[in-house]
$ cat protein-v3.csv   # CSV, C-alpha atoms
chain,number,residue,atom,x,y,z
B,1,MET,CA,-6.3,37.6,15.9
B,2,HIS,CA,-9.3,35.3,16.3
B,3,LEU,CA,-8.5,31.6,15.9
B,4,PRO,CA,-11.1,28.7,15.7
B,5,ALA,CA,-11.3,26.5,18.6
B,6,GLY,CA,-11.1,23.4,16.4
B,7,ALA,CA,-12.0,19.9,17.5
B,8,PRO,CA,-10.3,17.5,19.9
B,9,GLY,CA,-10.2,14.8,17.2
B,10,ALA,CA,-11.4,13.7,13.9
B,11,ARG,CA,-13.1,10.5,12.9
B,12,ILE,CA,-14.3,8.6,9.8
B,13,LEU,CA,-18.0,8.4,9.3
B,14,ALA,CA,-18.2,6.1,6.3
B,15,PHE,CA,-16.3,4.6,3.3
B,16,GLY,CA,-17.3,4.1,-0.3
B,17,GLY,CA,-15.7,2.3,-3.1
B,18,TYR,CA,-16.1,2.1,-6.9
B,19,GLN,CA,-14.6,-0.3,-9.5
B,20,PRO,CA,-15.2,-0.2,-13.2
B,21,ALA,CA,-17.3,-3.0,-14.6
B,22,ASN,CA,-14.7,-4.5,-17.0
B,23,VAL,CA,-12.9,-7.5,-15.4
B,24,VAL,CA,-9.6,-8.4,-16.9
B,25,THR,CA,-8.2,-11.8,-15.9
B,26,ASN,CA,-4.7,-13.1,-16.0
B,27,ASP,CA,-5.6,-15.3,-19.0
B,28,ASP,CA,-6.8,-12.2,-20.8
B,29,LEU,CA,-3.4,-10.6,-20.4
B,30,ALA,CA,-1.6,-13.9,-21.3
B,31,ALA,CA,-3.3,-13.7,-24.6
B,32,SER,CA,-1.4,-10.5,-25.5
B,33,VAL,CA,1.8,-10.5,-23.5
B,34,ASP,CA,4.2,-13.3,-22.6
B,35,THR,CA,3.0,-14.2,-19.1
B,36,SER,CA,0.7,-16.8,-17.4
B,37,ASP,CA,-1.9,-17.0,-14.7
B,38,GLU,CA,0.4,-19.0,-12.5
B,39,TRP,CA,3.3,-16.6,-12.8
B,40,ILE,CA,1.2,-13.5,-12.0
B,41,ARG,CA,-0.5,-15.2,-9.1
B,42,SER,CA,2.8,-16.4,-7.6
B,43,ARG,CA,4.7,-13.1,-8.1
B,44,VAL,CA,2.1,-10.4,-7.4
B,45,GLY,CA,-0.9,-12.3,-6.1
B,46,ILE,CA,-3.4,-10.9,-8.5
B,47,ALA,CA,-6.1,-13.0,-10.1
B,48,SER,CA,-8.1,-10.3,-11.9
B,49,ARG,CA,-8.3,-6.6,-12.0
B,50,ARG,CA,-10.8,-3.9,-13.1
B,51,ILE,CA,-10.1,-1.6,-16.0
B,52,ALA,CA,-12.0,1.6,-16.8
B,53,GLY,CA,-13.7,2.2,-20.1
B,54,PRO,CA,-12.1,4.6,-22.6
B,55,ASP,CA,-14.5,7.4,-21.6
B,56,GLU,CA,-14.4,6.8,-17.8
B,57,SER,CA,-12.1,9.3,-16.1
B,58,VAL,CA,-10.5,9.6,-12.6
B,59,ALA,CA,-13.2,12.2,-11.9
B,60,ASP,CA,-16.0,9.9,-12.9
B,61,MET,CA,-14.7,7.1,-10.6
B,62,ALA,CA,-14.2,9.7,-7.8
B,63,VAL,CA,-17.8,10.9,-8.1
B,64,ALA,CA,-19.0,7.3,-7.9
B,65,ALA,CA,-17.0,6.4,-4.8
B,66,GLY,CA,-17.5,9.8,-3.1
B,67,GLY,CA,-21.2,9.5,-3.7
B,68,LYS,CA,-21.4,6.1,-2.0
B,69,ALA,CA,-19.3,7.3,1.0
B,70,LEU,CA,-21.5,10.4,1.4
B,71,ALA,CA,-24.7,8.4,1.2
B,72,ALA,CA,-23.4,5.9,3.8
B,73,SER,CA,-22.3,8.7,6.1
B,74,GLY,CA,-25.8,10.2,6.4
B,75,LEU,CA,-24.3,13.7,6.3
B,76,PRO,CA,-26.0,16.3,4.1
B,77,THR,CA,-23.7,17.5,1.3
B,78,ALA,CA,-24.1,21.0,2.8
B,79,ASP,CA,-22.0,20.0,5.7
B,80,ILE,CA,-19.0,19.1,3.6
B,81,ASP,CA,-16.6,22.1,3.3
B,82,LEU,CA,-13.4,20.3,2.2
B,83,VAL,CA,-12.8,17.9,-0.6
B,84,ILE,CA,-9.3,16.3,-1.1
B,85,VAL,CA,-8.7,14.1,-4.1
B,86,ALA,CA,-5.6,12.0,-4.0
B,87,THR,CA,-4.5,11.0,-7.5
B,88,CYS,CA,-1.5,10.7,-9.7
B,89,THR,CA,-3.2,9.6,-12.9
B,90,GLN,CA,-5.5,12.5,-14.0
B,91,GLU,CA,-5.2,13.4,-17.7
B,92,ALA,CA,-4.7,17.1,-17.2
B,93,GLN,CA,-3.2,19.2,-14.4
B,94,ILE,CA,-5.6,22.1,-15.0
B,95,PRO,CA,-8.2,22.3,-13.7
B,96,ASN,CA,-7.8,20.2,-10.6
B,97,THR,CA,-10.0,17.1,-10.2
B,98,SER,CA,-11.4,17.9,-6.7
B,99,ALA,CA,-13.4,21.0,-7.5
B,100,THR,CA,-15.1,19.3,-10.4
B,101,VAL,CA,-15.8,16.2,-8.3
B,102,ALA,CA,-17.2,18.3,-5.5
B,103,HIS,CA,-19.5,20.2,-7.9
B,104,ARG,CA,-20.8,17.0,-9.5
B,105,LEU,CA,-21.6,15.6,-6.1
B,106,GLY,CA,-23.6,18.7,-5.3
B,107,ILE,CA,-21.2,19.9,-2.6
B,108,SER,CA,-21.4,23.7,-2.8
B,109,GLY,CA,-18.1,25.7,-2.8
B,110,PRO,CA,-15.9,23.6,-0.5
B,111,GLY,CA,-12.1,24.0,-0.2
B,112,ALA,CA,-10.9,21.6,-2.9
B,113,TYR,CA,-7.5,20.4,-3.8
B,114,ASP,CA,-5.7,17.5,-5.4
B,115,LEU,CA,-2.9,15.7,-3.6
B,116,ASN,CA,-0.2,13.6,-5.2
B,117,ALA,CA,1.7,11.3,-3.0
B,118,ALA,CA,1.2,8.4,-5.5
B,119,CYS,CA,0.2,5.2,-3.8
B,120,ALA,CA,0.5,6.8,-0.3
B,121,GLY,CA,-2.0,9.5,-1.4
B,122,PHE,CA,-5.0,8.3,0.5
B,123,CYS,CA,-3.1,8.2,3.9
B,124,TYR,CA,-1.7,11.7,3.2
B,125,ALA,CA,-5.1,13.0,2.3
B,126,LEU,CA,-6.7,11.4,5.4
B,127,ALA,CA,-4.1,13.0,7.6
B,128,SER,CA,-4.6,16.4,5.9
B,129,ALA,CA,-8.4,16.1,6.3
B,130,SER,CA,-8.0,15.1,10.0
B,131,ASP,CA,-5.7,18.0,10.7
B,132,ALA,CA,-8.0,20.5,8.9
B,133,VAL,CA,-10.9,19.3,11.0
B,134,ARG,CA,-8.9,19.4,14.2
B,135,ALA,CA,-7.6,22.9,13.4
B,136,GLY,CA,-11.1,24.2,12.6
B,137,SER,CA,-10.3,24.8,9.0
B,138,ALA,CA,-13.0,22.4,8.0
B,139,GLN,CA,-16.1,20.9,9.6
B,140,ALA,CA,-16.4,17.8,7.5
B,141,ALA,CA,-14.2,16.5,4.6
B,142,LEU,CA,-14.6,14.1,1.7
B,143,VAL,CA,-11.4,12.3,1.0
B,144,ILE,CA,-11.1,10.4,-2.2
B,145,GLY,CA,-8.3,8.2,-3.8
B,146,THR,CA,-9.0,7.7,-7.5
B,147,GLU,CA,-6.8,6.3,-10.2
B,148,LYS,CA,-6.9,5.3,-13.8
B,149,LEU,CA,-3.5,3.6,-14.0
B,150,SER,CA,-4.5,1.7,-17.2
B,151,SER,CA,-4.0,5.0,-19.1
B,152,TRP,CA,-0.4,5.2,-18.0
B,153,VAL,CA,0.6,1.6,-18.5
B,154,ASP,CA,2.4,0.1,-21.5
B,155,TRP,CA,0.2,-2.8,-22.3
B,156,THR,CA,3.1,-4.6,-24.0
B,157,ASP,CA,5.2,-4.4,-20.8
B,158,ARG,CA,4.6,-7.6,-18.9
B,159,SER,CA,6.3,-6.3,-15.8
B,160,THR,CA,3.8,-3.5,-15.2
B,161,CYS,CA,0.6,-4.2,-17.1
B,162,ILE,CA,-0.1,-7.3,-14.9
B,163,ILE,CA,0.0,-5.1,-11.8
B,164,PHE,CA,-1.8,-1.8,-12.2
B,165,ALA,CA,-5.6,-1.3,-12.3
B,166,ASP,CA,-8.3,1.3,-11.9
B,167,GLY,CA,-10.8,2.3,-9.2
B,168,ALA,CA,-11.6,4.8,-6.5
B,169,GLY,CA,-12.3,4.8,-2.8
B,170,ALA,CA,-13.5,7.5,-0.4
B,171,ALA,CA,-14.0,8.4,3.2
B,172,VAL,CA,-16.1,11.0,5.0
B,173,VAL,CA,-14.2,12.7,7.8
B,174,THR,CA,-15.8,14.8,10.6
B,175,ALA,CA,-15.0,16.1,14.0
B,176,ALA,CA,-14.9,13.9,17.2
B,177,ASP,CA,-16.2,15.5,20.3
B,178,SER,CA,-13.5,14.1,22.5
B,179,PRO,CA,-10.1,12.3,22.1
B,180,ASP,CA,-11.9,9.1,23.2
B,181,GLU,CA,-14.1,9.4,20.2
B,182,ALA,CA,-11.3,10.2,17.7
B,183,GLY,CA,-11.0,7.7,14.9
B,184,ILE,CA,-7.9,8.9,13.0
B,185,GLY,CA,-4.6,8.5,14.8
B,186,PRO,CA,-1.5,10.6,14.4
B,187,VAL,CA,0.2,10.1,11.0
B,188,VAL,CA,3.7,8.8,10.5
B,189,TRP,CA,4.8,10.0,7.1
B,190,GLY,CA,7.9,10.5,5.1
B,191,SER,CA,9.7,10.2,1.8
B,192,ALA,CA,12.8,8.9,0.2
B,193,GLY,CA,13.5,11.2,-2.7
B,194,GLU,CA,16.8,9.5,-3.3
B,195,HIS,CA,14.8,6.7,-4.8
B,196,ALA,CA,12.7,8.9,-7.1
B,197,ASP,CA,14.1,6.9,-10.1
B,198,LYS,CA,12.6,3.6,-8.9
B,199,ILE,CA,9.0,4.4,-10.1
B,200,PHE,CA,8.4,7.1,-12.6
B,201,VAL,CA,6.7,8.3,-15.7
B,202,SER,CA,8.8,10.6,-17.8
B,203,GLY,CA,6.0,12.4,-19.7
B,204,ARG,CA,2.5,12.0,-21.1
B,205,GLU,CA,3.7,10.1,-24.1
B,206,SER,CA,5.6,7.7,-21.8
B,207,PHE,CA,4.5,4.9,-19.4
B,208,ILE,CA,5.0,3.9,-15.8
B,209,PHE,CA,8.4,2.4,-15.2
B,210,GLN,CA,9.1,0.5,-12.1
B,211,GLU,CA,12.3,-1.1,-10.8
B,212,GLY,CA,10.4,-4.0,-9.2
B,213,GLN,CA,13.1,-5.7,-7.2
B,214,SER,CA,14.5,-2.4,-5.7
B,215,VAL,CA,11.0,-1.3,-4.7
B,216,PHE,CA,10.3,-4.7,-3.2
B,217,ARG,CA,13.5,-4.5,-1.2
B,218,TRP,CA,12.7,-1.0,0.1
B,219,ALA,CA,9.2,-1.9,0.9
B,220,THR,CA,10.2,-5.0,2.8
B,221,THR,CA,12.9,-3.1,4.7
B,222,ALA,CA,11.7,0.4,5.5
B,223,LEU,CA,7.9,0.0,6.1
B,224,ALA,CA,7.5,-2.3,9.0
B,225,PRO,CA,9.2,0.2,11.3
B,226,VAL,CA,6.8,2.9,10.0
B,227,ALA,CA,3.8,0.7,10.7
B,228,ARG,CA,5.0,0.0,14.2
B,229,ALA,CA,5.7,3.8,14.8
B,230,ALA,CA,2.1,4.6,13.7
B,231,CYS,CA,0.7,2.1,16.3
B,232,GLN,CA,3.0,3.5,19.0
B,233,ARG,CA,2.0,7.1,18.3
B,234,ALA,CA,-1.7,6.1,18.5
B,235,GLY,CA,-1.0,4.2,21.7
B,236,ILE,CA,-2.2,0.9,20.3
B,237,GLU,CA,-0.3,-2.4,20.4
B,238,PRO,CA,0.0,-4.0,17.0
B,239,SER,CA,-1.4,-7.2,18.6
B,240,ASP,CA,-4.6,-5.3,19.5
B,241,LEU,CA,-5.3,-4.4,15.8
B,242,ALA,CA,-8.4,-5.9,14.2
B,243,ALA,CA,-6.8,-5.6,10.7
B,244,PHE,CA,-3.8,-4.4,8.8
B,245,VAL,CA,-4.7,-2.7,5.5
B,246,PRO,CA,-1.6,-1.7,3.6
B,247,HIS,CA,-1.5,-0.3,0.1
B,248,GLN,CA,-2.3,-3.2,-2.2
B,249,ALA,CA,0.9,-3.0,-4.2
B,250,ASN,CA,1.8,-6.7,-4.5
B,251,LEU,CA,0.5,-9.5,-2.3
B,252,ARG,CA,4.1,-10.6,-1.6
B,253,ILE,CA,5.0,-7.1,-0.1
B,254,VAL,CA,1.7,-7.1,1.9
B,255,GLU,CA,2.5,-10.5,3.3
B,256,ALA,CA,6.2,-9.7,4.0
B,257,ILE,CA,5.3,-6.5,6.0
B,258,ALA,CA,2.5,-8.4,7.9
B,259,ARG,CA,5.0,-11.1,8.8
B,260,GLN,CA,7.5,-8.6,10.0
B,261,LEU,CA,4.8,-7.1,12.3
B,262,ARG,CA,4.5,-10.5,13.9
B,263,VAL,CA,0.7,-10.3,14.5
B,264,PRO,CA,-0.4,-13.6,12.9
B,265,HIS,CA,-4.0,-13.3,14.2
B,266,VAL,CA,-4.6,-9.8,12.7
B,267,ARG,CA,-6.6,-9.9,9.5
B,268,VAL,CA,-4.6,-8.6,6.6
B,269,ALA,CA,-6.3,-7.0,3.5
B,270,ASP,CA,-5.8,-9.0,0.3
B,271,ASP,CA,-8.0,-6.9,-1.9
B,272,ILE,CA,-5.3,-6.9,-4.6
B,273,VAL,CA,-6.4,-10.5,-5.6
B,274,GLU,CA,-9.4,-9.1,-7.4
B,275,ALA,CA,-8.7,-5.4,-7.6
B,276,GLY,CA,-5.0,-5.2,-8.7
B,277,ASN,CA,-2.9,-2.3,-7.6
B,278,THR,CA,-5.0,0.8,-7.8
B,279,SER,CA,-2.5,3.1,-6.1
B,280,SER,CA,-4.2,5.7,-3.9
B,281,ALA,CA,-7.5,4.0,-4.3
B,282,SER,CA,-6.4,0.6,-2.9
B,283,ILE,CA,-6.7,1.3,0.8
B,284,PRO,CA,-10.2,2.9,0.8
B,285,LEU,CA,-11.4,0.3,-1.7
B,286,ALA,CA,-10.2,-2.5,0.6
B,287,LEU,CA,-11.8,-0.8,3.7
B,288,ALA,CA,-15.1,-0.3,1.9
B,289,ARG,CA,-15.2,-3.9,0.8
B,290,MET,CA,-14.2,-5.2,4.3
B,291,THR,CA,-17.0,-3.1,5.8
B,292,GLU,CA,-19.5,-4.4,3.2
B,293,LYS,CA,-18.6,-8.0,3.9
B,294,GLY,CA,-18.9,-7.5,7.6
B,295,HIS,CA,-15.2,-8.3,8.3
B,296,LEU,CA,-14.7,-5.1,10.3
B,297,GLY,CA,-17.2,-3.9,12.8
B,298,ALA,CA,-17.6,-0.4,14.2
B,299,GLY,CA,-14.9,0.5,16.7
B,300,ALA,CA,-12.3,-1.9,15.2
B,301,PRO,CA,-8.8,-0.4,15.2
B,302,VAL,CA,-7.2,-0.8,11.8
B,303,LEU,CA,-3.6,0.1,10.7
B,304,VAL,CA,-3.4,1.7,7.3
B,305,LEU,CA,-0.1,2.1,5.5
B,306,GLY,CA,0.4,3.7,2.1
B,307,PHE,CA,3.6,3.7,0.1
B,308,GLY,CA,4.7,4.2,-3.4
B,309,ALA,CA,6.4,6.5,-6.0
B,310,GLY,CA,8.5,9.3,-4.7
B,311,LEU,CA,9.2,7.3,-2.8
B,312,THR,CA,6.6,8.3,-0.2
B,313,TYR,CA,4.9,6.6,2.7
B,314,ALA,CA,2.4,7.3,5.4
B,315,ALA,CA,0.7,5.2,8.1
B,316,GLN,CA,-2.0,5.8,10.8
B,317,VAL,CA,-4.3,3.8,13.0
B,318,ILE,CA,-8.0,4.4,12.3
B,319,ILE,CA,-11.1,3.3,14.1
B,320,MET,CA,-13.7,1.8,11.9
B,321,PRO,CA,-17.0,3.7,11.7
F,1,MET,CA,33.0,-12.1,16.7
F,2,ALA,CA,33.1,-14.5,13.8
F,3,MET,CA,30.1,-16.9,13.4
F,4,THR,CA,30.8,-20.5,12.6
F,5,GLU,CA,29.4,-22.1,9.5
F,6,LYS,CA,27.1,-24.1,11.7
F,7,GLU,CA,25.7,-21.0,13.4
F,8,ILE,CA,25.1,-19.3,10.0
F,9,LEU,CA,23.4,-22.4,8.6
F,10,ALA,CA,21.1,-22.6,11.7
F,11,GLY,CA,20.2,-18.9,11.4
F,12,LEU,CA,19.6,-19.2,7.7
F,13,GLY,CA,17.4,-22.3,8.2
F,14,GLU,CA,15.2,-20.2,10.6
F,15,ILE,CA,14.9,-17.4,8.1
F,16,ILE,CA,14.1,-19.6,5.2
F,17,ASP,CA,11.5,-21.5,7.3
F,18,GLU,CA,9.8,-18.2,8.2
F,19,ILE,CA,9.9,-16.6,4.8
F,20,ALA,CA,9.5,-19.4,2.4
F,21,GLY,CA,8.0,-22.1,4.6
F,22,VAL,CA,10.8,-24.5,3.8
F,23,PRO,CA,11.5,-26.7,6.9
F,24,ALA,CA,14.9,-25.7,8.4
F,25,ASP,CA,16.2,-29.3,8.2
F,26,GLU,CA,15.9,-29.2,4.4
F,27,VAL,CA,18.2,-26.2,4.3
F,28,THR,CA,21.6,-27.9,3.8
F,29,PRO,CA,24.8,-26.3,2.3
F,30,SER,CA,24.5,-28.0,-1.1
F,31,LYS,CA,20.9,-27.0,-1.8
F,32,ASN,CA,20.2,-24.6,-4.7
F,33,PHE,CA,17.6,-22.0,-3.8
F,34,VAL,CA,15.7,-22.1,-7.0
F,35,ASP,CA,16.1,-25.7,-8.1
F,36,ASP,CA,16.0,-27.5,-4.8
F,37,LEU,CA,14.1,-25.3,-2.4
F,38,ASP,CA,11.7,-23.6,-4.9
F,39,ILE,CA,12.6,-20.1,-3.7
F,40,ASP,CA,12.1,-17.3,-6.2
F,41,SER,CA,13.9,-14.0,-6.6
F,42,LEU,CA,11.5,-12.0,-4.4
F,43,SER,CA,11.8,-14.5,-1.6
F,44,MET,CA,15.6,-14.2,-2.0
F,45,VAL,CA,15.3,-10.4,-1.5
F,46,GLU,CA,13.3,-11.0,1.7
F,47,ILE,CA,15.9,-13.6,2.9
F,48,ALA,CA,18.7,-11.1,2.2
F,49,VAL,CA,16.9,-8.4,4.2
F,50,ALA,CA,16.3,-10.8,7.1
F,51,ALA,CA,19.9,-12.0,6.9
F,52,GLN,CA,21.1,-8.4,7.2
F,53,ASP,CA,19.2,-8.1,10.5
F,54,LYS,CA,20.4,-11.5,11.8
F,55,PHE,CA,24.0,-11.5,10.7
F,56,GLY,CA,24.7,-7.8,10.3
F,57,VAL,CA,25.9,-8.3,6.8
F,58,GLU,CA,24.4,-6.4,3.9
F,59,ILE,CA,23.6,-8.3,0.7
F,60,PRO,CA,23.0,-5.9,-2.1
F,61,ASP,CA,21.0,-7.0,-5.2
F,62,ASP,CA,24.1,-7.1,-7.3
F,63,GLU,CA,25.7,-9.7,-4.9
F,64,LEU,CA,22.4,-11.5,-4.3
F,65,LYS,CA,22.1,-12.7,-7.9
F,66,ASN,CA,25.4,-14.6,-7.5
F,67,LEU,CA,24.3,-16.5,-4.4
F,68,ARG,CA,22.7,-19.6,-5.8
F,69,THR,CA,23.2,-22.2,-3.0
F,70,VAL,CA,23.0,-22.2,0.7
F,71,GLN,CA,26.8,-22.6,0.9
F,72,ASP,CA,27.1,-19.5,-1.3
F,73,VAL,CA,25.3,-17.4,1.4
F,74,ILE,CA,27.2,-19.0,4.2
F,75,SER,CA,30.5,-18.2,2.5
F,76,TYR,CA,29.4,-14.6,1.7
F,77,VAL,CA,28.3,-14.0,5.3
F,78,GLN,CA,31.6,-15.3,6.6
F,79,ARG,CA,33.6,-13.3,4.1
F,80,SER,CA,31.8,-10.1,4.8
F,81,ALA,CA,31.8,-10.5,8.6
F,82,VAL,CA,35.6,-10.9,8.4
F,83,SER,CA,36.1,-7.8,6.3
F,84,ALA,CA,33.6,-5.7,8.3
$ encode --input "protein-v3.csv" --output "structure tokens"
Amino acid sequence: MHLPAGAPGARILAFGGYQPANVVTNDDLAASVDTSDEWIRSRVGIASRRIAGPDESVADMAVAAGGKALAASGLPTADIDLVIVATCTQEAQIPNTSATVAHRLGISGPGAYDLNAACAGFCYALASASDAVRAGSAQAALVIGTEKLSSWVDWTDRSTCIIFADGAGAAVVTAADSPDEAGIGPVVWGSAGEHADKIFVSGRESFIFQEGQSVFRWATTALAPVARAACQRAGIEPSDLAAFVPHQANLRIVEAIARQLRVPHVRVADDIVEAGNTSSASIPLALARMTEKGHLGAGAPVLVLGFGAGLTYAAQVIIMP
Amino acid sequence: MAMTEKEILAGLGEIIDEIAGVPADEVTPSKNFVDDLDIDSLSMVEIAVAAQDKFGVEIPDDELKNLRTVQDVISYVQRSAVSA
């Protein structure tokens, strides 16, 4: 049997992010549920979030973010032969979101699949794309995290409606010519299915339920070791990181894990303040914004860590394009 | 090896300083976490997780909600360390 030679590594060429135009502040929420700006800021660290319009779908947002990443990468769409869309909030299971998104972006006939690892989805998708490129199954991949959590939230439940938001983020992945040029480190991933009942939606007529305190305890106990393991597998000391970009679940979780890593000088993403929790979109959205603002230059090593319903988690070190 | 009350208090002071930014010398046995030290339930979870590492004593959420003062935690750690 003939097997492709594959590539010695994979790297990220560019990021792209998209947020809906509608800004919803804490005061807006306090007008309809019993909460306050002060309470939301102190408990979850969110000041405002973006909420998609009624006709704006996860596919629409994926196309917007994916288009930006493709444009920034400089790659012609003809070079993309794999599209992975990480999402857990699409309206229908059939057809998948990725094939439509690829078609709308003008990418002709790529391998296309959706991936559901909830808020860890982007890191899972990035690992899958990296492996596909390395194995020779794909030349270049478009990886997108896109979520419309607002459609799955009970807007009268003050424990969840203050947290979740909408948006999409994308990355273009291609081959690296040598391990030295690789920009996606080995993934450390896993799951804890015994905690499946901590975050769930029981059906389309139902809404997201989250056992906040249990999830907080799990996140602040289980994830720092995962983050350290990802650094170790990539051969990078946590103190040599330029930034730590964990899933923007709750600023308190982000800060707790950062504290446990004991790298006070490392920049920690706080995109949640103005983006809310956008599940699989939060990491690429944060990376796109940090790149745009000039916070992270080319070659900067960044630790990404996704975690969420399942429970699932995944972490890897990436090198900024 | 059983820890003395003083050792637990000192350890707890370090944890609370790091997690909640409350100076360790303000962490005295009679202090109430919420009313005196302004520590909320999420910080209490973090403190419980850190206490588990430091003292080798697990403090589940069901127990945590009953620990209102610094002395409550000291007593809980001593009790659990003995029974462990």
$ closest_atom_pairs --input "protein-v3.csv" --of "chain F" --to "chain B" --cutoff "9 Å" --atoms "all atoms listed in the file" --output "Markdown table"
| residue | atom | partner | partner_atom | distance |
| --- | --- | --- | --- | --- |
| F:Glu18 | CA | B:Arg259 | CA | 8.6 |
| F:Ile19 | CA | B:Ala256 | CA | 7.9 |
| F:Asp40 | CA | B:Arg43 | CA | 8.7 |
| F:Ser41 | CA | B:Gln213 | CA | 8.4 |
| F:Leu42 | CA | B:Gln213 | CA | 7.1 |
| F:Ser43 | CA | B:Arg252 | CA | 8.6 |
| F:Val45 | CA | B:Arg217 | CA | 6.2 |
| F:Glu46 | CA | B:Thr220 | CA | 6.8 |
| F:Val49 | CA | B:Thr221 | CA | 6.7 |
| F:Ala50 | CA | B:Thr221 | CA | 8.8 |
| F:Asp61 | CA | B:Ser214 | CA | 8.0 |
$ residues_around --input "protein-v3.csv" --residues "Met320 (chain B)" --least-positions-apart "5" --cutoff "6 Å" --atoms "only C-alpha atoms" --output "PyMOL selection string"
chain B and resi 298-300
$ residues_around --input "protein-v3.csv" --residues "Ser137 (chain B)" --least-positions-apart "5" --cutoff "8 Å" --atoms "all atoms listed in the file" --output "ChimeraX atom specification"
/B:4,6,132
$ closest_residue --input "protein-v3.csv" --among "B:Ile283, B:Ile199, B:Val143, B:Leu303" --to "Ala227 (chain B)" --atoms "only C-alpha atoms"
B:Leu303
$ closest_residue --input "protein-v3.csv" --among "B:Ile163, B:Leu296, B:Met290, B:Met61" --to "Asn26 (chain B)" --atoms "all atoms listed in the file"
B:Ile163
$ decode --input "protein-v3.csv" --residues "region 65-92 of chain B" --atoms "C-alpha atoms" --output "compact mmCIF listing (two decimals), in the first residue's frame"
# COMPACT_ATOMS: atom_id res chain seq x y z
CA ALA B 65 -14.59 34.38 10.88
CA GLY B 66 -13.31 31.81 8.40
CA GLY B 67 -13.25 34.39 5.61
CA LYS B 68 -11.12 36.73 7.72
CA ALA B 69 -8.66 33.98 8.62
CA LEU B 70 -8.38 32.89 5.00
CA ALA B 71 -7.78 36.46 3.82
CA ALA B 72 -5.14 37.02 6.51
CA SER B 73 -3.39 33.73 5.63
CA GLY B 74 -2.82 34.72 2.01
CA LEU B 75 -3.62 31.15 0.96
CA PRO B 76 -5.85 30.69 -2.08
CA THR B 77 -9.06 28.85 -1.20
CA ALA B 78 -8.03 26.16 -3.69
CA ASP B 79 -5.29 25.08 -1.27
CA ILE B 80 -7.73 24.27 1.54
CA ASP B 81 -8.73 20.63 1.48
CA LEU B 82 -10.09 20.19 4.99
CA VAL B 83 -12.65 22.21 6.94
CA ILE B 84 -13.43 21.38 10.57
CA VAL B 85 -16.16 23.29 12.38
CA ALA B 86 -16.28 22.93 16.14
CA THR B 87 -19.73 23.77 17.47
CA CYS B 88 -22.28 22.52 19.96
CA THR B 89 -25.05 25.02 19.21
CA GLN B 90 -26.08 24.48 15.58
CA GLU B 91 -29.86 24.31 15.12
CA ALA B 92 -29.99 21.10 13.11
